[in-house]
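This is structure.tsv. It holds TSV, C-alpha atoms.
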```tsv
chain	number	residue	atom	x	y	z
A	1	MET	CA	6.86	-9.13	34.15
A	2	LYS	CA	3.89	-7.45	32.62
A	3	ILE	CA	4.38	-4.48	30.35
A	4	ILE	CA	1.74	-2.40	28.66
A	5	THR	CA	2.75	-0.63	25.49
A	6	THR	CA	0.71	2.25	24.29
A	7	CYS	CA	0.13	4.44	21.27
A	8	GLY	CA	-2.73	6.46	19.88
A	9	MET	CA	-4.77	3.47	18.83
A	10	GLY	CA	-3.20	0.47	20.53
A	11	PHE	CA	-2.86	-0.95	17.09
A	12	GLY	CA	0.29	0.10	15.30
A	13	THR	CA	3.36	1.42	17.05
A	14	SER	CA	2.43	-0.07	20.42
A	15	LEU	CA	2.25	-3.54	18.88
A	16	MET	CA	5.59	-3.04	17.16
A	17	LEU	CA	7.10	-1.95	20.46
A	18	LEU	CA	5.58	-4.87	22.35
A	19	MET	CA	6.95	-7.40	19.87
A	20	GLU	CA	10.38	-5.83	20.17
A	21	LEU	CA	10.26	-5.85	23.98
A	22	GLN	CA	9.24	-9.51	23.97
A	23	SER	CA	12.01	-10.47	21.60
A	24	ILE	CA	14.59	-8.57	23.67
A	25	GLY	CA	13.18	-10.14	26.84
A	26	ALA	CA	13.48	-13.62	25.33
A	27	LYS	CA	17.12	-12.91	24.53
A	28	HIS	CA	17.75	-12.17	28.21
A	29	GLY	CA	15.61	-15.00	29.53
A	30	ILE	CA	12.87	-12.68	30.74
A	31	THR	CA	9.29	-13.53	29.98
A	32	ILE	CA	7.37	-10.43	29.11
A	33	GLU	CA	3.67	-10.65	29.27
A	34	GLY	CA	2.18	-7.70	27.58
A	35	GLU	CA	-0.65	-5.89	26.04
A	36	ALA	CA	-0.81	-3.06	23.52
A	37	LEU	CA	-3.42	-0.48	24.42
A	38	ASP	CA	-4.54	2.90	23.18
A	39	ILE	CA	-3.44	5.78	25.34
A	40	SER	CA	-6.90	6.38	26.80
A	41	SER	CA	-7.12	2.79	28.13
A	42	VAL	CA	-3.86	2.77	30.04
A	43	HIS	CA	-5.05	4.23	33.33
A	44	GLY	CA	-5.80	1.72	36.06
A	45	GLN	CA	-4.23	-1.24	34.27
A	46	ASN	CA	-2.38	-3.76	36.37
A	47	CYS	CA	1.18	-3.93	35.07
A	48	ASP	CA	4.82	-3.44	36.04
A	49	ALA	CA	5.59	-0.70	33.56
A	50	ILE	CA	4.25	1.23	30.59
A	51	PHE	CA	6.27	1.79	27.44
A	52	GLY	CA	5.48	4.11	24.55
A	53	SER	CA	7.07	6.60	22.23
A	54	ASN	CA	8.12	9.84	23.92
A	55	GLU	CA	5.54	11.69	21.88
A	56	ILE	CA	2.78	9.53	23.33
A	57	VAL	CA	3.78	8.98	26.95
A	58	LYS	CA	4.46	12.64	27.62
A	59	SER	CA	0.68	13.08	27.79
A	60	LEU	CA	0.32	10.47	30.56
A	61	ASP	CA	0.05	11.56	34.15
A	62	GLY	CA	-1.11	10.05	37.41
A	63	ILE	CA	0.41	6.68	36.57
A	64	THR	CA	1.86	4.80	39.53
A	65	VAL	CA	4.10	2.33	37.68
A	66	PRO	CA	7.26	3.37	35.80
A	67	VAL	CA	6.53	5.01	32.46
A	68	VAL	CA	9.29	4.55	29.91
A	69	GLY	CA	9.46	6.84	26.88
A	70	ILE	CA	11.21	5.62	23.75
A	71	LYS	CA	12.69	8.10	21.31
A	72	ASN	CA	12.85	5.73	18.36
A	73	ILE	CA	10.61	2.70	18.70
A	74	LEU	CA	12.60	0.88	16.03
A	75	ASP	CA	15.91	1.34	17.78
A	76	LYS	CA	16.59	-2.03	19.38
A	77	ALA	CA	19.56	-0.70	21.32
A	78	GLU	CA	17.54	2.07	22.95
A	79	ILE	CA	14.66	-0.26	23.83
A	80	GLU	CA	17.02	-2.88	25.20
A	81	ALA	CA	18.95	-0.37	27.32
A	82	LYS	CA	15.75	1.06	28.77
A	83	LEU	CA	14.23	-2.34	29.46
A	84	LEU	CA	17.35	-3.56	31.26
A	85	GLU	CA	17.57	-0.35	33.23
A	86	LEU	CA	13.95	-0.79	34.30
A	87	ILE	CA	14.53	-4.37	35.39
A	88	LYS	CA	17.57	-3.34	37.35
A	89	SER	CA	15.73	-0.55	39.12
A	90	THR	CA	12.61	-2.54	39.93
A	91	GLY	CA	14.27	-5.89	40.55
A	92	SER	CA	11.34	-7.59	38.83
A	93	GLU	CA	13.22	-10.11	36.76
A	94	LYS	CA	10.85	-12.90	37.52
A	95	GLY	CA	8.24	-13.30	34.83
B	1	MET	CA	1.63	-11.87	3.04
B	2	HIS	CA	0.51	-11.06	-0.46
B	3	LEU	CA	2.81	-9.22	-2.75
B	4	SER	CA	0.16	-6.79	-3.76
B	5	ASN	CA	0.25	-5.43	-0.23
B	6	VAL	CA	3.13	-3.27	-1.25
B	7	ARG	CA	2.35	-0.36	-3.50
B	8	VAL	CA	4.90	2.17	-4.46
B	9	SER	CA	4.36	5.54	-5.94
B	10	LEU	CA	7.52	7.52	-6.28
B	11	ASP	CA	7.80	11.26	-6.23
B	12	ASP	CA	4.33	12.45	-5.51
B	13	GLY	CA	4.39	16.21	-5.13
B	14	SER	CA	2.39	16.47	-1.89
B	15	LEU	CA	3.13	19.40	0.35
B	16	THR	CA	1.04	19.20	3.52
B	17	PRO	CA	0.85	16.22	5.90
B	18	ASP	CA	-2.87	15.83	5.11
B	19	ASP	CA	-2.14	15.72	1.37
B	20	ALA	CA	0.65	13.24	1.88
B	21	ILE	CA	-1.50	10.93	4.03
B	22	ARG	CA	-4.40	11.20	1.58
B	23	ALA	CA	-2.18	10.42	-1.40
B	24	ALA	CA	-0.74	7.44	0.46
B	25	GLY	CA	-4.26	6.30	1.40
B	26	GLN	CA	-5.30	6.44	-2.23
B	27	LEU	CA	-2.76	3.74	-3.02
B	28	LEU	CA	-4.52	1.48	-0.53
B	29	VAL	CA	-7.92	2.33	-1.97
B	30	LYS	CA	-6.78	1.70	-5.52
B	31	ASP	CA	-5.75	-1.81	-4.60
B	32	GLY	CA	-8.84	-2.63	-2.58
B	33	PHE	CA	-7.18	-2.62	0.82
B	34	ALA	CA	-9.34	0.13	2.25
B	35	GLU	CA	-12.37	2.25	1.51
B	36	PRO	CA	-11.85	5.92	0.62
B	37	ARG	CA	-13.02	6.97	4.10
B	38	TYR	CA	-10.00	5.17	5.56
B	39	SER	CA	-7.73	7.94	4.24
B	40	GLU	CA	-9.79	10.58	6.02
B	41	ALA	CA	-9.71	8.50	9.22
B	42	MET	CA	-5.90	8.38	9.01
B	43	ILE	CA	-5.84	12.17	8.64
B	44	ASP	CA	-8.20	12.57	11.62
B	45	ALA	CA	-6.00	10.27	13.70
B	46	PHE	CA	-2.94	12.28	12.78
B	47	ARG	CA	-4.70	15.50	13.81
B	48	ASP	CA	-6.01	14.01	17.07
B	49	LEU	CA	-2.98	12.06	18.17
B	50	GLY	CA	-0.12	14.03	16.73
B	51	PRO	CA	3.05	13.32	14.85
B	52	TYR	CA	4.17	10.20	16.72
B	53	ILE	CA	3.41	8.26	13.52
B	54	VAL	CA	6.74	9.57	12.23
B	55	LEU	CA	8.39	6.44	13.56
B	56	VAL	CA	11.94	6.94	12.47
B	57	PRO	CA	13.69	9.87	10.84
B	58	GLY	CA	11.97	10.58	7.54
B	59	ILE	CA	9.33	7.86	7.68
B	60	ALA	CA	5.68	8.16	8.74
B	61	MET	CA	3.28	5.27	9.28
B	62	PRO	CA	-0.27	6.65	9.29
B	63	HIS	CA	-3.05	4.22	10.15
B	64	ALA	CA	-6.60	4.09	11.41
B	65	ARG	CA	-8.81	1.61	13.22
B	66	PRO	CA	-10.14	-1.42	11.32
B	67	GLU	CA	-13.72	-0.14	11.60
B	68	ALA	CA	-12.75	3.06	9.77
B	69	GLY	CA	-12.97	1.35	6.39
B	70	ALA	CA	-10.27	-1.32	6.42
B	71	ILE	CA	-10.85	-4.13	3.93
B	72	ARG	CA	-7.76	-6.35	4.21
B	73	ASP	CA	-4.30	-6.24	5.74
B	74	GLY	CA	-1.76	-4.35	3.76
B	75	LEU	CA	0.52	-1.42	3.40
B	76	ALA	CA	1.66	0.96	0.72
B	77	VAL	CA	4.81	2.95	0.22
B	78	LEU	CA	4.71	6.53	-1.02
B	79	ARG	CA	7.85	8.57	-1.50
B	80	LEU	CA	7.42	12.32	-1.48
B	81	ALA	CA	9.24	14.49	-3.98
B	82	GLN	CA	9.33	17.30	-1.43
B	83	PRO	CA	9.99	16.39	2.22
B	84	VAL	CA	7.02	17.36	4.42
B	85	GLU	CA	7.05	18.71	7.99
B	86	PHE	CA	4.70	16.62	10.15
B	87	GLY	CA	5.61	18.45	13.37
B	88	HIS	CA	7.74	15.70	14.93
B	89	PRO	CA	10.51	17.20	17.09
B	90	GLU	CA	13.16	14.70	16.03
B	91	ASN	CA	12.09	12.73	12.99
B	92	ASP	CA	10.95	15.46	10.58
B	93	PRO	CA	10.88	16.03	7.68
B	94	VAL	CA	8.98	13.09	6.23
B	95	ARG	CA	10.17	11.68	2.94
B	96	LEU	CA	8.34	8.39	2.97
B	97	VAL	CA	4.74	7.63	3.93
B	98	ILE	CA	3.83	4.01	4.68
B	99	PRO	CA	0.10	3.76	5.43
B	100	LEU	CA	-0.96	0.58	7.17
B	101	VAL	CA	-4.28	-1.28	7.17
B	102	GLY	CA	-5.22	-4.01	9.59
B	103	SER	CA	-8.56	-5.71	9.06
B	104	ASP	CA	-8.89	-6.62	12.73
B	105	ASN	CA	-6.87	-6.14	15.93
B	106	HIS	CA	-4.48	-9.02	15.35
B	107	SER	CA	-4.29	-10.11	11.74
B	108	HIS	CA	-1.82	-7.40	10.80
B	109	ILE	CA	0.79	-8.41	13.39
B	110	GLU	CA	2.78	-10.36	10.83
B	111	LEU	CA	2.75	-7.32	8.57
B	112	LEU	CA	3.98	-5.11	11.41
B	113	LYS	CA	6.81	-7.53	12.12
B	114	ARG	CA	7.93	-7.43	8.50
B	115	LEU	CA	7.70	-3.65	8.41
B	116	SER	CA	9.70	-3.41	11.65
B	117	ARG	CA	12.38	-5.60	10.17
B	118	VAL	CA	12.65	-3.46	7.05
B	119	LEU	CA	12.73	-0.22	9.03
B	120	MET	CA	15.37	-1.56	11.43
B	121	ASP	CA	17.69	-2.32	8.55
B	122	PRO	CA	19.62	0.85	7.61
B	123	GLU	CA	20.43	-0.48	4.15
B	124	ALA	CA	16.78	-1.24	3.45
B	125	VAL	CA	15.76	2.21	4.68
B	126	ASN	CA	18.35	3.76	2.42
B	127	THR	CA	16.88	1.86	-0.52
B	128	LEU	CA	13.38	3.00	0.41
B	129	LEU	CA	14.51	6.61	0.55
B	130	THR	CA	16.64	6.72	-2.55
B	131	THR	CA	15.85	4.17	-5.21
B	132	GLU	CA	14.07	5.08	-8.43
B	133	ASP	CA	13.24	1.43	-8.91
B	134	THR	CA	9.84	0.49	-7.52
B	135	ALA	CA	10.66	-3.20	-7.96
B	136	ALA	CA	13.55	-2.80	-5.53
B	137	VAL	CA	11.16	-1.45	-2.91
B	138	THR	CA	8.71	-4.27	-3.48
B	139	ALA	CA	11.59	-6.73	-3.21
B	140	LEU	CA	12.49	-5.47	0.27
B	141	PHE	CA	9.13	-6.62	1.53
B	142	THR	CA	8.93	-9.70	-0.65
B	143	ASP	CA	12.27	-11.05	0.52
B	144	LEU	CA	10.92	-11.08	4.04
B	145	GLN	CA	8.31	-13.62	3.14
B	146	ASN	CA	10.82	-16.41	3.44
```
Any chance you could put this one into structure tokens?
Amino acid sequence: MKIITTCGMGFGTSLMLLMELQSIGAKHGITIEGEALDISSVHGQNCDAIFGSNEIVKSLDGITVPVVGIKNILDKAEIEAKLLELIKSTGSEKG
Amino acid sequence: MHLSNVRVSLDDGSLTPDDAIRAAGQLLVKDGFAEPRYSEAMIDAFRDLGPYIVLVPGIAMPHARPEAGAIRDGLAVLRLAQPVEFGHPENDPVRLVIPLVGSDNHSHIELLKRLSRVLMDPEAVNTLLTTEDTAAVTALFTDLQN
């Protein structure tokens, strides 16, 4: 699946989050293709979901794919739970 | 990763977020990781984008774009004598400022991975927040080289 992670600059926290999502995905046998983008570049991107810290994604609107807010982007358990929940709800396990 | 990427200055007396970010940025400037304008760019980014840079309770990671005066990849660690309110609903107050420099869009990924690993380790975070020994802080990052 393709996930876009976002933060203010597409450079710091979004990259950290993307690496974490990919490592969690690998653990579950899910290939996560992804890109880290700044918040202003997210609109209109082709992807299955958008992840970002709560503080960042709360400013997003008009997005048609699921937007997942993370409270603590360094909390593996939270990220893992939310990723698995997303996969379950979208049924998009195939990479 | 070069050892000199980690700079520690314990117990700076900064009181506002801007002061704290500037003081942290000065550590980077002192070591040749960024130009002085990089500190101001980090402050501007914080003002524009908000307090999401307070990644985990008590720890902020200010940063700016490479073109804002980055010289080479690195980070610094600044512990604040007085905790500072950055305006984050859950993770305030900030006790530790870790400014990050990436010289282009990708070269700092390894640095981010190492930082993530340190910040995900509660024992390491506790050391960062409490130790008086700057060498212990440096060691947290150094150990990750292997």
**Prompt:** If we count all atoms listed in the file, what is near stretch 55-60 of chain B at a cut-off of 6 Å, once residues fewer than 6 positions away on the same chain are taken out, given as a count of residues only?
**Reply:** 7
Enumerate, in order of chain and increasing residue number, the residues of chain A with an atom no farther than 8 Å from chain B, each with its shortest atom pair and distance in Å to one decimal, counting only C-alpha atoms, as JSON lines.
```
{"residue": "A:Gly8", "atom": "CA", "partner": "B:Leu49", "partner_atom": "CA", "distance": 5.9}
{"residue": "A:Met9", "atom": "CA", "partner": "B:Arg65", "partner_atom": "CA", "distance": 7.2}
{"residue": "A:Phe11", "atom": "CA", "partner": "B:Asn105", "partner_atom": "CA", "distance": 6.7}
{"residue": "A:Gly12", "atom": "CA", "partner": "B:His63", "partner_atom": "CA", "distance": 7.4}
{"residue": "A:Thr13", "atom": "CA", "partner": "B:Ile53", "partner_atom": "CA", "distance": 7.7}
{"residue": "A:Leu15", "atom": "CA", "partner": "B:Ile109", "partner_atom": "CA", "distance": 7.5}
{"residue": "A:Met16", "atom": "CA", "partner": "B:Leu112", "partner_atom": "CA", "distance": 6.3}
{"residue": "A:Met19", "atom": "CA", "partner": "B:Lys113", "partner_atom": "CA", "distance": 7.8}
{"residue": "A:Ser53", "atom": "CA", "partner": "B:Tyr52", "partner_atom": "CA", "distance": 7.2}
{"residue": "A:Glu55", "atom": "CA", "partner": "B:Tyr52", "partner_atom": "CA", "distance": 5.5}
{"residue": "A:Ile56", "atom": "CA", "partner": "B:Tyr52", "partner_atom": "CA", "distance": 6.8}
{"residue": "A:Asn72", "atom": "CA", "partner": "B:Val56", "partner_atom": "CA", "distance": 6.1}
{"residue": "A:Ile73", "atom": "CA", "partner": "B:Leu55", "partner_atom": "CA", "distance": 6.7}
{"residue": "A:Leu74", "atom": "CA", "partner": "B:Met120", "partner_atom": "CA", "distance": 5.9}
{"residue": "A:Asp75", "atom": "CA", "partner": "B:Met120", "partner_atom": "CA", "distance": 7.0}
```
**Item:** Residue among A:Leu84, A:Ser89, A:Lys76, A:Gly69 lying closest to A:Glu20, counting only C-alpha atoms
**Value:** A:Lys76
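Between A:Thr6 and the residues A:Leu60, A:Val65, A:Ile32, A:Ile24, the shortest atom-to-atom distance, using only C-alpha atoms, involves A:Leu60.
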**Request:** Determine, counting all atoms listed in the file, which protein, DNA and RNA residues have an atom within 10 Å of an atom of A:Leu86; residues of the same chain fewer than 3 positions away are not included. Present the result as a ChimeraX atom specification.
**Result:** /A:48-49,66-68,80-83,89-93
